[in-house]
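J.: Mind looking over this structure? Questions follow.
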Amino acid sequence: MRDDPGIDDMEQTRTTRWPQPFVGLRGIGWADVPREATAGVTLAALMIPLNIGYAQVAGLPPVAGLYAAIIPLVVFALLTSSRHLVTSPDASMAGLVGAALVAFAAPGDPLRLQYALALALLCALVFFVFWLFRLAFLANFLSRAVMAGFITGLGIEVFTNQVRKILAASPVVGAESGVLAAAEQLKDAMASSVETEGYFVELMALFHSIPRANLYSVGIGVAAFLIVRLLKRYAPRIPGALVALVLLTAIVTVFDLAGKGVGVLGAIPSGAPTLTVPSIPAKDYLRLLPAALAIVAILLCEGLLVVRSYGSKYGYKADGNQMLFAYGAANLAAGLTGSLVTGNSPSRSAAMDASGARSQLPSLVAAGTIALVMLFFTDVLAYLPNAALAGIVANAVLSLIEVHELRELYRLRRSEFAIAMVCLLSVLALGPLKAVMIAFLLSTIDVVRRASKPGTWVLRQTPDGSHFVPTETIAAPDESGLIVYRFGAPLYFANANRFSEEIETLITQAPAPVRWFVLDAEAIIDIDTTGAETLHQVLKLLANRGVTFALARASPQLPPLLQRYQLLGLIGADRLYPTNRHAVAALCPNRSQVLLEE
């Protein structure tokens, strides 16, 4: 278990395609085992209530959440390249799974679990495909703004659902039932007319249920919420969720609050997970595929960000592509052992970090502990109050509602704040799955928008020839007949028109005839076919006006690219210069008294 400081995880995995097991167990020695084992018991105490709660968020039986903390947790711990990331169902992923399963089976329907297992297998397949083609870099394509808006929207939705569970509103009877039934029909019609996933309709239902709330259930839920928050603030090493469950379960049992309307979890089948193959029509796998892609996209982006942050904090590198394999293997195990889709748990990872854990050993200990609970202590779990579980989950999802992040975006860049708000509202109005597609679309549009307006400058040489000073492109050039123009991005379809228009403007509006034009191409590391055609037109324009063209500071990959596009011959191989000063000295010897290296 000792770490080899001479091995760089990232560098080593670049030369091997198959993942290396046990990488996540590096970094500790035998002296660290007691601390790691203690952290594992704490992790189990955190996972039991939260995994049950997240299974309920997804509309699945509690056992699906508990099974996710046994074999899938072990598989991930043995295959991951991160020493700190804990895999587990989490609020955002549970919300996505619940939204994906709405079209297939209602909560409580045994068929819903079958579709959940099939979804886990599809997620595993997608992760394996991403791993095979080394696609971990796709995590970079969801921006900070998109993730903030999307995760905040999911947090608001899940938090609202937990509040409804805490209220435990009594069923409507008597004359009032007809009025509320009509209201429910109106809400259903509203939902279908605007094609929403029903969040705002659910919000209306929440307000309707407040007068019928069970005060005992509200007290239990609020108490659980406050216990977790207070212990997290004043005694962070104590597992607040476990303390809240033990204390409130005892109160519900002693005062017989179950007989007064406080719902309890109920019987949970005991025993270890067994091999389970989902039984659904083959055609429904295709219907589940968009949901699997959406879930994988969010898990990929969120997970690799967490992995990088811990790697940076503790000075090791985790291979992103091996992480994809570990996710795939964990979800394959989930789909075959009756458990919920498993992904990232930033909250539990942070708890392990705070407890001093430095490897995946706590995950193995937690899996063993939960397996023992499933074998011998499921009778105790049956008395857990649902309101307490909802209060614990509500507390956990508060971290997803990133108000501070949204404020920061508003302060730093209003355009990114607007993107975040569009993603947030898309989650609430259209549902998480459609919001994922909108998020990717917004990210793509934002990337293209930024690249279509790169920074451009006209460079003016100082009198002593020591350096160049950038000025705004729109500023009128001097009367020397020389223009040094810097284009600050690769030349491709989105910005090619800007490139040609600016050069034409500089040439035609110069106060004196332009004789030399130097293109500073340091940032032009790539040119697509549209960019090549545009550059060809610019060269023709300059030639027709008798302007001598030169290329300076080209990257090594640019000349072969120009040769492929048959542009190098038009420019002339002797017109490529290593620096702007070399170019100016060659074109205008009288302007450069001293040639200095740039």
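For the structure tokens, the naming scheme is as follows: chains receive sequential letters (A, B, ...) according to their order of presentation, residues are indexed from 1 within each chain, and ligands are indexed from 1 in presentation order.
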Could you list, as JSON, numbers by chain, every residue within 10 Å of Leu587 of chain A, counting only C-alpha atoms and ignoring same-chain residues fewer than 6 positions away?

T.: {"A": [482, 515, 516, 517, 518, 548, 549, 550, 575, 581]}

J.: Please list as a JSON list (two decimals) with N, CA, C and O atoms, in the first residue's frame every residue within 10 Å of Ser143 of chain A, counting only C-alpha atoms and excluding residues in the same chain fewer than 4 positions away.

T.:
```json
[["chain", "number", "residue", "atom", "x", "y", "z"],
["A", 139, "ALA", "N", -15.06, 16.41, -20.64],
["A", 139, "ALA", "CA", -15.46, 17.09, -19.41],
["A", 139, "ALA", "C", -15.22, 18.58, -19.48],
["A", 139, "ALA", "O", -15.81, 19.36, -18.74],
["A", 147, "MET", "N", -22.67, 24.28, -15.47],
["A", 147, "MET", "CA", -22.75, 23.35, -14.35],
["A", 147, "MET", "C", -23.42, 24.00, -13.15],
["A", 147, "MET", "O", -24.22, 23.37, -12.46],
["A", 148, "ALA", "N", -23.10, 25.27, -12.88],
["A", 148, "ALA", "CA", -23.70, 25.96, -11.73],
["A", 148, "ALA", "C", -25.21, 26.05, -11.89],
["A", 148, "ALA", "O", -25.97, 25.76, -10.95],
["A", 301, "CYS", "N", -18.41, 15.30, -16.03],
["A", 301, "CYS", "CA", -17.94, 16.67, -15.80],
["A", 301, "CYS", "C", -17.74, 16.95, -14.32],
["A", 301, "CYS", "O", -16.70, 17.47, -13.91],
["A", 416, "GLU", "N", -22.23, 34.93, -18.69],
["A", 416, "GLU", "CA", -22.19, 33.59, -18.10],
["A", 416, "GLU", "C", -23.28, 33.43, -17.04],
["A", 416, "GLU", "O", -23.83, 32.34, -16.87],
["A", 419, "ILE", "N", -26.35, 32.50, -18.93],
["A", 419, "ILE", "CA", -26.33, 31.09, -19.32],
["A", 419, "ILE", "C", -26.70, 30.21, -18.13],
["A", 419, "ILE", "O", -27.49, 29.26, -18.26],
["A", 420, "ALA", "N", -26.16, 30.52, -16.96],
["A", 420, "ALA", "CA", -26.46, 29.74, -15.76],
["A", 420, "ALA", "C", -27.95, 29.80, -15.44],
["A", 420, "ALA", "O", -28.57, 28.78, -15.10],
["A", 439, "ALA", "N", -27.99, 22.60, -22.03],
["A", 439, "ALA", "CA", -26.70, 22.98, -21.46],
["A", 439, "ALA", "C", -25.57, 22.77, -22.46],
["A", 439, "ALA", "O", -24.71, 23.63, -22.65],
["A", 440, "PHE", "N", -25.57, 21.60, -23.14],
["A", 440, "PHE", "CA", -24.55, 21.35, -24.15],
["A", 440, "PHE", "C", -24.65, 22.35, -25.29],
["A", 440, "PHE", "O", -23.64, 22.84, -25.80],
["A", 442, "LEU", "N", -25.88, 25.41, -25.17],
["A", 442, "LEU", "CA", -25.41, 26.72, -24.71],
["A", 442, "LEU", "C", -23.88, 26.76, -24.61],
["A", 442, "LEU", "O", -23.26, 27.76, -24.95],
["A", 443, "SER", "N", -23.29, 25.66, -24.14],
["A", 443, "SER", "CA", -21.83, 25.61, -24.06],
["A", 443, "SER", "C", -21.21, 25.75, -25.44],
["A", 443, "SER", "O", -20.24, 26.47, -25.64],
["A", 444, "THR", "N", -21.77, 25.03, -26.41],
["A", 444, "THR", "CA", -21.24, 25.09, -27.77],
["A", 444, "THR", "C", -21.39, 26.48, -28.35],
["A", 444, "THR", "O", -20.45, 27.03, -28.96],
["A", 446, "ASP", "N", -21.60, 29.25, -26.72],
["A", 446, "ASP", "CA", -20.72, 30.18, -26.01],
["A", 446, "ASP", "C", -19.28, 30.05, -26.51],
["A", 446, "ASP", "O", -18.58, 31.05, -26.69],
["A", 447, "VAL", "N", -18.83, 28.80, -26.76],
["A", 447, "VAL", "CA", -17.47, 28.59, -27.26],
["A", 447, "VAL", "C", -17.31, 29.22, -28.64],
["A", 447, "VAL", "O", -16.34, 29.93, -28.93]]
```

J.: Nearest to Ser217 of chain A: which of A:Lys283, A:Gly271, A:Asn386, A:Val129 is it, counting only C-alpha atoms?

T.: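 Counting only C-alpha atoms, the residue closest to Ser217 of chain A is A:Asn386.
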
J.: Counting only C-alpha atoms, which residue out of A:Asn331, A:Gln509, A:Gln162, A:Thr529 sits closest to Leu122 of chain A?

T.: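 Going through A:Asn331, A:Gln509, A:Gln162, A:Thr529 one by one, the smallest distance to Leu122 of chain A is for A:Asn331.
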
J.: Please provide as JSON, numbers by chain all residues within 9 Å of Ala250 of chain A, with the sequence filter that same-chain residues fewer than 4 positions apart are discarded (counting only C-alpha atoms).

T.: {"A": [245, 246, 254, 255, 383, 384]}

J.: To one decimal in Å, tell me the separation between atom CA of Ser426 of chain A and atom CA of Phe207 of chain A.

T.: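 Result for atom CA of Ser426 of chain A versus atom CA of Phe207 of chain A: 21.9 Å, one decimal.
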
J.: May I ask which of the residues A:Ala241, A:Ala333, A:Ile70, A:Ala367 is the closest one to Ala396 of chain A, counting only C-alpha atoms?

T.: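 Among the listed residues, the smallest separation from Ala396 of chain A belongs to A:Ala241.
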